[in-house]
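*Asks:* Enclosed is the structure file coords.cif (mmCIF, C-alpha atoms and all ligand atoms).
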```
data_structure
loop_
_atom_site.label_atom_id
_atom_site.label_comp_id
_atom_site.auth_asym_id
_atom_site.auth_seq_id
_atom_site.Cartn_x
_atom_site.Cartn_y
_atom_site.Cartn_z
CA MET Q 8 4.73 5.90 -38.75
CA GLN Q 9 1.49 4.67 -37.18
CA ALA Q 10 -1.39 7.13 -37.17
CA LEU Q 11 -1.46 9.37 -34.14
CA ILE Q 12 -4.46 9.24 -31.83
CA LYS Q 13 -6.08 12.64 -31.27
CA GLN Q 14 -8.68 13.18 -28.59
CA ASN Q 15 -9.98 16.21 -26.73
CA VAL Q 16 -10.31 17.19 -23.13
CA ASP Q 17 -13.71 18.90 -23.15
CA LEU Q 18 -14.20 21.28 -20.27
CA PRO Q 19 -17.25 23.28 -19.17
CA ASP Q 20 -18.05 26.52 -21.07
CA GLY Q 21 -16.93 25.02 -24.38
CA ARG Q 22 -13.23 25.05 -23.49
CA THR Q 23 -11.42 22.18 -25.11
CA TYR Q 24 -7.89 21.12 -25.95
CA PRO Q 25 -6.34 18.35 -27.99
CA VAL Q 26 -4.16 15.52 -26.71
CA LEU Q 27 -2.03 13.94 -29.41
CA VAL Q 28 -0.76 10.43 -28.60
CA GLY Q 29 1.55 8.09 -30.48
CA ASP Q 30 5.06 7.29 -31.65
CA GLY Q 31 6.58 10.44 -33.14
CA ALA Q 32 3.88 12.80 -31.84
CA ALA Q 33 6.45 15.37 -30.68
CA ALA Q 34 7.33 16.10 -34.31
CA GLU Q 35 3.74 17.29 -34.76
CA LEU Q 36 3.95 19.86 -31.95
CA ALA Q 37 3.59 22.84 -34.31
CA SER Q 38 0.23 21.48 -35.53
CA VAL Q 39 -1.33 21.76 -32.04
CA MET Q 40 0.25 25.05 -30.93
CA PRO Q 41 -2.31 27.70 -30.01
CA GLU Q 42 -2.80 30.58 -32.41
CA GLY Q 43 -1.51 33.96 -31.29
CA PRO Q 44 1.80 33.54 -29.42
CA ARG Q 45 4.88 34.87 -31.21
CA ARG Q 46 7.39 33.29 -28.82
CA ALA Q 47 7.64 30.03 -26.92
CA ALA Q 48 9.69 29.50 -23.75
CA ILE Q 49 10.63 25.83 -23.76
CA VAL Q 50 11.12 24.55 -20.20
CA THR Q 51 12.95 21.27 -19.87
CA GLN Q 52 15.64 19.37 -17.96
CA ALA Q 53 19.05 18.37 -19.31
CA GLU Q 54 18.30 14.66 -18.88
CA ILE Q 55 15.12 14.78 -21.00
CA GLY Q 56 16.99 15.18 -24.29
CA VAL Q 57 13.91 15.71 -26.45
CA GLU Q 58 14.21 18.59 -28.92
CA VAL Q 59 11.01 20.18 -30.16
CA ASP Q 60 10.07 22.77 -32.74
CA PRO Q 61 6.94 24.74 -31.85
CA GLY Q 62 7.03 26.48 -35.23
CA ILE Q 63 7.56 29.96 -33.72
CA GLU Q 64 10.54 31.78 -32.25
CA HIS Q 65 11.66 29.89 -29.16
CA ARG Q 66 14.33 29.64 -26.52
CA VAL Q 67 15.17 26.72 -24.22
CA PHE Q 68 15.24 27.21 -20.42
CA THR Q 69 16.84 24.29 -18.61
CA VAL Q 70 15.86 23.72 -14.98
CA PRO Q 71 17.67 21.54 -12.39
CA SER Q 72 17.47 17.77 -12.64
CA GLY Q 73 15.04 15.63 -10.72
CA GLU Q 74 12.21 16.48 -8.35
CA LYS Q 75 14.18 19.34 -6.81
CA ALA Q 76 13.25 21.44 -9.85
CA LYS Q 77 9.74 21.61 -8.39
CA ARG Q 78 10.35 24.44 -5.95
CA LEU Q 79 9.44 28.09 -5.68
CA SER Q 80 13.00 29.35 -6.21
CA VAL Q 81 13.01 27.68 -9.65
CA VAL Q 82 9.70 29.38 -10.50
CA GLU Q 83 11.31 32.71 -9.59
CA ASP Q 84 14.43 31.96 -11.66
CA LEU Q 85 12.36 31.01 -14.69
CA ALA Q 86 10.08 34.04 -14.41
CA SER Q 87 13.13 36.33 -14.18
CA GLN Q 88 14.66 34.75 -17.26
CA PHE Q 89 11.35 35.05 -19.13
CA ALA Q 90 11.15 38.73 -18.20
CA THR Q 91 14.75 39.35 -19.27
CA TRP Q 92 14.02 37.70 -22.61
CA GLY Q 93 10.86 39.80 -22.98
CA LEU Q 94 8.25 37.03 -22.92
CA THR Q 95 4.83 38.70 -22.90
CA ARG Q 96 1.46 37.63 -21.60
CA HIS Q 97 0.48 36.76 -25.17
CA ASP Q 98 3.28 34.21 -25.51
CA VAL Q 99 3.45 30.55 -24.49
CA VAL Q 100 5.40 28.14 -22.30
CA VAL Q 101 6.13 24.70 -23.74
CA ALA Q 102 6.97 22.21 -20.98
CA VAL Q 103 8.99 19.29 -22.33
CA GLY Q 104 9.56 16.46 -19.88
CA GLY Q 105 8.03 14.27 -17.24
CA GLY Q 106 5.66 15.18 -14.44
CA VAL Q 107 8.23 17.38 -12.71
CA VAL Q 108 8.56 19.58 -15.78
CA THR Q 109 4.87 19.70 -16.66
CA ASP Q 110 3.96 20.54 -13.04
CA LEU Q 111 6.63 23.25 -12.87
CA GLY Q 112 6.09 24.58 -16.39
CA GLY Q 113 2.33 24.68 -15.86
CA PHE Q 114 2.74 26.59 -12.62
CA VAL Q 115 5.17 29.16 -13.98
CA ALA Q 116 2.78 29.66 -16.93
CA ALA Q 117 -0.15 30.01 -14.50
CA SER Q 118 1.63 32.76 -12.56
CA TYR Q 119 3.81 34.64 -15.07
CA HIS Q 120 1.95 37.84 -16.04
CA ARG Q 121 -0.99 36.34 -14.10
CA GLY Q 122 -1.21 33.51 -16.55
CA ILE Q 123 0.01 32.73 -20.05
CA LYS Q 124 -0.69 29.77 -22.30
CA VAL Q 125 1.11 26.46 -21.79
CA VAL Q 126 1.54 23.38 -23.97
CA HIS Q 127 2.86 20.12 -22.51
CA VAL Q 128 5.08 17.70 -24.39
CA ALA Q 129 4.97 14.76 -21.99
CA THR Q 130 7.97 12.45 -22.26
CA SER Q 131 7.41 10.03 -19.36
CA LEU Q 132 4.65 7.47 -18.94
CA LEU Q 133 3.59 9.16 -15.71
CA ALA Q 134 3.23 12.55 -17.37
CA GLN Q 135 1.44 11.13 -20.42
CA ILE Q 136 -1.24 9.28 -18.50
CA ASP Q 137 -1.62 11.67 -15.60
CA ALA Q 138 0.45 14.77 -14.82
CA ALA Q 139 0.16 16.56 -18.16
CA ILE Q 140 -3.60 16.08 -18.46
CA GLY Q 141 -6.18 18.07 -16.52
CA GLY Q 142 -4.44 21.29 -15.55
CA LYS Q 143 -3.08 20.54 -12.09
CA CYS Q 144 0.32 22.13 -11.64
CA GLY Q 145 2.50 23.26 -8.78
CA VAL Q 146 5.63 22.90 -6.73
CA ASN Q 147 6.60 21.20 -3.49
CA LEU Q 148 7.41 22.61 -0.07
CA PRO Q 149 9.66 20.86 2.46
CA GLU Q 150 6.41 20.21 4.36
CA GLY Q 151 4.82 18.24 1.54
CA LYS Q 152 4.29 17.59 -2.12
CA ASN Q 153 2.36 19.96 -4.42
CA LEU Q 154 1.42 22.25 -1.56
CA VAL Q 155 1.64 25.37 -3.77
CA GLY Q 156 -0.09 25.15 -7.11
CA ALA Q 157 -2.95 26.02 -9.41
CA PHE Q 158 -5.42 24.63 -11.88
CA TRP Q 159 -4.16 25.85 -15.24
CA GLN Q 160 -5.34 23.96 -18.27
CA PRO Q 161 -2.87 23.55 -21.13
CA SER Q 162 -3.73 24.64 -24.66
CA ALA Q 163 -2.61 21.23 -25.96
CA VAL Q 164 -0.79 18.09 -24.82
CA VAL Q 165 1.53 15.92 -26.88
CA CYS Q 166 2.33 12.39 -25.66
CA ASP Q 167 5.10 10.94 -27.80
CA THR Q 168 5.13 7.26 -26.89
CA ALA Q 169 8.44 6.77 -28.75
CA THR Q 170 10.15 8.76 -25.98
CA LEU Q 171 9.15 6.04 -23.50
CA ALA Q 172 11.58 3.57 -25.12
CA THR Q 173 14.51 5.65 -23.89
CA LEU Q 174 13.26 6.19 -20.34
CA PRO Q 175 15.43 4.79 -17.56
CA PRO Q 176 13.75 1.49 -16.52
CA ALA Q 177 13.03 2.81 -13.00
CA GLU Q 178 11.27 5.83 -14.48
CA PHE Q 179 9.13 3.63 -16.74
CA ARG Q 180 8.24 1.37 -13.81
CA SER Q 181 7.22 4.45 -11.87
CA GLY Q 182 4.66 5.25 -14.60
CA MET Q 183 3.37 1.70 -14.23
CA GLY Q 184 2.21 2.65 -10.72
CA GLU Q 185 -0.17 5.19 -12.23
CA LEU Q 186 -1.27 2.60 -14.80
CA ALA Q 187 -2.11 0.23 -11.93
CA LYS Q 188 -4.29 2.98 -10.48
CA TYR Q 189 -6.34 3.24 -13.69
CA HIS Q 190 -7.26 -0.45 -13.45
CA PHE Q 191 -9.50 0.50 -10.55
CA LEU Q 192 -10.95 3.57 -12.28
CA GLY Q 193 -12.58 1.72 -15.16
CA GLY Q 194 -9.48 0.61 -17.06
CA GLY Q 195 -9.84 -3.12 -16.38
CA GLN Q 196 -8.53 -4.31 -19.78
CA LEU Q 197 -5.63 -1.89 -20.05
CA ASP Q 198 -2.96 -4.57 -20.03
CA GLN Q 199 -4.38 -6.02 -23.29
CA LEU Q 200 -3.62 -2.88 -25.30
CA PRO Q 201 -0.48 -1.81 -27.22
CA LEU Q 202 1.33 1.08 -25.51
CA PRO Q 203 -0.01 4.06 -27.56
CA GLU Q 204 -3.59 2.77 -27.19
CA ARG Q 205 -2.98 2.14 -23.51
CA VAL Q 206 -1.79 5.70 -23.00
CA ALA Q 207 -4.75 7.00 -25.01
CA ALA Q 208 -7.17 4.90 -22.92
CA CYS Q 209 -5.80 6.38 -19.69
CA VAL Q 210 -6.00 9.88 -21.18
CA LYS Q 211 -9.66 9.19 -22.01
CA ILE Q 212 -10.46 8.03 -18.46
CA LYS Q 213 -8.72 11.07 -17.03
CA ALA Q 214 -10.28 13.48 -19.54
CA ASP Q 215 -13.78 12.24 -18.67
CA VAL Q 216 -13.19 12.68 -14.94
CA VAL Q 217 -11.67 16.15 -15.42
CA ALA Q 218 -14.53 17.18 -17.72
CA ALA Q 219 -17.01 16.28 -14.98
CA ASP Q 220 -15.13 17.97 -12.13
CA GLU Q 221 -12.36 20.26 -13.32
CA ARG Q 222 -11.41 21.75 -9.94
CA GLU Q 223 -11.82 18.69 -7.75
CA GLY Q 224 -15.03 19.67 -6.04
CA GLY Q 225 -15.74 15.95 -5.75
CA ARG Q 226 -15.29 13.18 -8.29
CA ARG Q 227 -11.85 14.24 -9.55
CA ALA Q 228 -10.43 13.13 -6.19
CA ILE Q 229 -10.72 9.52 -7.42
CA LEU Q 230 -7.66 10.24 -9.58
CA ASN Q 231 -5.76 10.38 -6.30
CA TYR Q 232 -6.35 6.66 -5.75
CA GLY Q 233 -3.28 5.33 -3.97
CA HIS Q 234 -1.84 8.82 -3.54
CA THR Q 235 -2.42 9.47 0.17
CA LEU Q 236 0.13 6.88 1.24
CA GLY Q 237 2.12 7.52 -1.97
CA HIS Q 238 2.61 11.20 -1.10
CA ALA Q 239 3.41 10.35 2.52
CA LEU Q 240 6.13 7.94 1.37
CA GLU Q 241 7.59 10.60 -0.90
CA THR Q 242 7.60 13.26 1.83
CA ALA Q 243 8.95 10.85 4.46
CA THR Q 244 11.88 9.88 2.23
CA ALA Q 245 12.80 13.41 1.06
CA ASP Q 246 16.41 14.51 1.45
CA LYS Q 247 17.56 18.06 2.15
CA THR Q 248 17.58 18.99 -1.54
CA GLY Q 249 13.93 18.00 -1.99
CA GLU Q 250 14.71 14.74 -3.81
CA TYR Q 251 12.48 11.82 -2.79
CA GLY Q 252 13.79 8.37 -1.92
CA ILE Q 253 10.91 6.73 -3.78
CA ARG Q 254 9.55 7.51 -7.23
CA HIS Q 255 6.02 8.89 -7.46
CA GLY Q 256 4.51 5.91 -9.29
CA GLU Q 257 6.28 3.44 -7.02
CA GLY Q 258 4.70 5.23 -4.07
CA VAL Q 259 1.30 5.15 -5.79
CA ALA Q 260 1.65 1.39 -6.36
CA VAL Q 261 2.29 0.83 -2.65
CA GLY Q 262 -0.59 3.22 -1.96
CA VAL Q 263 -2.98 1.30 -4.23
CA VAL Q 264 -2.41 -1.92 -2.27
CA TYR Q 265 -2.67 0.03 0.99
CA ALA Q 266 -5.97 1.56 -0.12
CA GLY Q 267 -7.16 -1.98 -0.84
CA LEU Q 268 -6.16 -3.09 2.66
CA VAL Q 269 -7.90 -0.13 4.30
CA ALA Q 270 -11.06 -0.68 2.23
CA ASN Q 271 -11.00 -4.38 3.15
CA ALA Q 272 -10.48 -3.60 6.85
CA LEU Q 273 -13.46 -1.25 6.71
CA GLY Q 274 -15.58 -3.97 5.10
CA ARG Q 275 -15.93 -2.04 1.85
CA ILE Q 276 -14.34 -4.72 -0.40
CA ASP Q 277 -13.99 -8.48 -0.03
CA ASP Q 278 -10.78 -10.52 0.09
CA GLU Q 279 -10.99 -11.34 -3.61
CA ARG Q 280 -11.05 -7.65 -4.57
CA LEU Q 281 -8.12 -7.00 -2.20
CA ALA Q 282 -6.22 -9.84 -3.88
CA GLU Q 283 -6.91 -8.14 -7.24
CA HIS Q 284 -5.14 -5.01 -5.94
CA ARG Q 285 -2.07 -7.09 -5.10
CA ARG Q 286 -2.27 -8.95 -8.44
CA VAL Q 287 -2.45 -5.81 -10.59
CA VAL Q 288 0.47 -4.13 -8.79
CA ALA Q 289 2.58 -7.30 -8.97
CA ALA Q 290 1.74 -7.72 -12.67
CA TYR Q 291 3.46 -4.38 -13.30
CA ASP Q 292 6.48 -5.68 -11.44
CA LEU Q 293 5.97 -3.17 -8.64
CA ASP Q 294 6.70 -3.68 -4.98
CA ALA Q 295 4.03 -3.25 -2.32
CA THR Q 296 6.04 -3.11 0.87
CA ILE Q 297 6.65 -0.18 3.19
CA PRO Q 298 10.30 0.21 4.21
CA ASP Q 299 10.95 -0.62 7.87
CA ASN Q 300 12.82 2.63 8.48
CA LEU Q 301 9.67 4.73 7.99
CA ALA Q 302 7.79 4.98 11.27
CA THR Q 303 4.10 4.14 11.12
CA SER Q 304 3.18 7.13 13.30
CA ASP Q 305 5.07 9.51 10.98
CA LEU Q 306 3.24 8.20 7.94
CA VAL Q 307 -0.16 8.49 9.65
CA SER Q 308 0.57 12.08 10.66
CA LEU Q 309 1.61 12.86 7.08
CA PHE Q 310 -1.81 11.64 5.89
CA SER Q 311 -3.52 14.47 7.70
CA ARG Q 312 -1.11 17.02 6.24
CA ASP Q 313 -1.87 15.86 2.73
CA LYS Q 314 -3.78 18.55 0.88
CA LYS Q 315 -6.68 16.21 0.23
CA ALA Q 316 -7.45 16.09 3.93
CA VAL Q 317 -10.65 17.99 4.69
CA ASP Q 318 -12.02 17.71 8.20
CA GLY Q 319 -10.04 14.58 9.08
CA ILE Q 320 -8.21 12.06 6.94
CA THR Q 321 -9.87 11.79 3.58
CA PHE Q 322 -9.00 8.63 1.67
CA VAL Q 323 -9.95 7.51 -1.78
CA LEU Q 324 -11.21 3.96 -1.37
CA ASP Q 325 -12.77 1.22 -3.42
CA GLY Q 326 -16.18 -0.01 -2.33
CA PRO Q 327 -19.60 -1.23 -3.42
CA ASN Q 328 -20.11 1.94 -5.51
CA GLY Q 329 -16.61 1.88 -6.99
CA VAL Q 330 -13.80 4.22 -6.01
CA GLU Q 331 -14.91 7.25 -3.97
CA THR Q 332 -13.70 9.56 -1.19
CA VAL Q 333 -14.26 8.32 2.35
CA LEU Q 334 -13.50 10.03 5.65
CA VAL Q 335 -11.49 7.66 7.84
CA ASP Q 336 -11.23 8.61 11.50
CA ASP Q 337 -9.76 5.34 12.84
CA GLU Q 338 -6.03 6.05 13.04
CA GLU Q 339 -5.41 2.69 14.69
CA LEU Q 340 -6.85 0.89 11.67
CA LEU Q 341 -4.71 3.03 9.35
CA ALA Q 342 -1.60 2.21 11.39
CA ASP Q 343 -2.44 -1.48 11.49
CA CYS Q 344 -2.77 -1.60 7.69
CA ILE Q 345 0.68 0.01 7.38
CA GLU Q 346 2.13 -2.66 9.66
CA ARG Q 347 0.63 -5.35 7.44
CA MET Q 348 2.74 -4.05 4.54
CA ARG Q 349 6.16 -4.38 6.20
N1 LIG O 1 -3.19 13.58 -10.59
C1 LIG O 1 -4.50 13.77 -10.12
C2 LIG O 1 -5.27 14.79 -10.84
O1 LIG O 1 -4.82 15.30 -11.85
O2 LIG O 1 -6.34 15.15 -10.43
#
```
How does this structure look as structure tokens?

*Replies:*
Amino acid sequence: MQALIKQNVDLPDGRTYPVLVGDGAAAELASVMPEGPRRAAIVTQAEIGVEVDPGIEHRVFTVPSGEKAKRLSVVEDLASQFATWGLTRHDVVVAVGGGVVTDLGGFVAASYHRGIKVVHVATSLLAQIDAAIGGKCGVNLPEGKNLVGAFWQPSAVVCDTATLATLPPAEFRSGMGELAKYHFLGGGQLDQLPLPERVAACVKIKADVVAADEREGGRRAILNYGHTLGHALETATADKTGEYGIRHGEGVAVGVVYAGLVANALGRIDDERLAEHRRVVAAYDLDATIPDNLATSDLVSLFSRDKKAVDGITFVLDGPNGVETVLVDDEELLADCIERMR
């Protein structure tokens, strides 16, 4: 087995936690478990199929498949089952799965007994390079994605890159959308690296941003590059059960190209930099078109419902100073850029 890569997310006030990356990292879970808990509630989905041993007494709680697990009724179900089992505030949740599970598991940990420890075992590319790192967690409402949530830092994160080999291809491609995002956040050479190093490099970029702005007072918003349109596409394609018609990373990939178009239309980046956005997304074999059945006006109105919107439509855009948040008040320009992606 290749050596695992261990790095820390260093937060203000001396808080820190390890992120263990590499093939076979899940087998080392017990070595990064926090000291103190006697019991671990393992939250996972049937389709994940990754068994873990936290080294203490544990029980597995299986939540519904897919994105529809990320809803308040599932938080209630889990909390009731934890209480029935006798999980105390000194115990720990271990979330084993992709971004759905780490978001849900983090949120139930943040709220059960007003907050208990959580460890993430991230099994999808998307969770390993984004969702499991940095403490954001939450659930969706029919009105939008992640509208109820918390900042709740894990005690440790394990990213077992061997689990990526068994991901459904569409799920892996979805993670590639988040990888594309990191190209514009300082990860220019990412595509040159082997997978474990690539995951570790993204973790490092994210850890540095989170360390500087844990609760998204400012700079952390750059991690939402491509997400304003991405979230709108997810919400606009949701069915009655809460399942989205587009995967998160696929939406982010479309959103990255859209952000490039908007930045170009605002004169913030030149045509060459816009072409780079298209090139990076295409290199990951991701599509950058907006389906014709999604009305432009609906997408634009979803932008302003997105939780990042403060006093207008706040976008994360590339520009002369790199990626930063920009208030865009020209809805016609936003609509026009959508039309250019049909
Ligand atoms: N996924 C964006 C963030 O963690 O801030």

*Asks:* Can you measure CA of Thr235 (chain Q) to CA of Asn300 (chain Q) for me? One decimal in Å is fine.

*Replies:* 18.7 Å

*Asks:* Give the answer as one residue: which of Q:Ala219, Q:Leu11, Q:Val70, Q:Ala270 has the shortest atom-to-atom distance to ligand LIG 1 (chain O), using only C-alpha atoms and all ligand atoms?

*Replies:*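 Looking only at the distances to ligand LIG 1 (chain O), the closest residue turns out to be Q:Ala219.
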
*Asks:* Quick check, in Å to one decimal: how far apart do atom N1 of ligand LIG 1 (chain O) and CA of Asp137 (chain Q) lie?

*Replies:*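 These atoms are spaced 5.6 Å apart.
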
*Asks:* List all protein, DNA and RNA residues that have at least one atom no more than 9 Å from any atom of ligand LIG 1 (chain O), counting all atoms listed in the file, and write them as a VMD selection string.

*Replies:* chain Q and resid 137 to 144 213 216 to 217 221 to 223 227 to 232 234

*Asks:* Let me make sure I understand: among Q:Ser38, Q:Thr296, Q:Asn271, Q:Thr168, which one has the smallest atom-to-atom distance to Gly326 (chain Q) if we use only C-alpha atoms?

*Replies:*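 Of Q:Ser38, Q:Thr296, Q:Asn271, Q:Thr168, the one nearest Gly326 (chain Q) is Q:Asn271, counting only C-alpha atoms.
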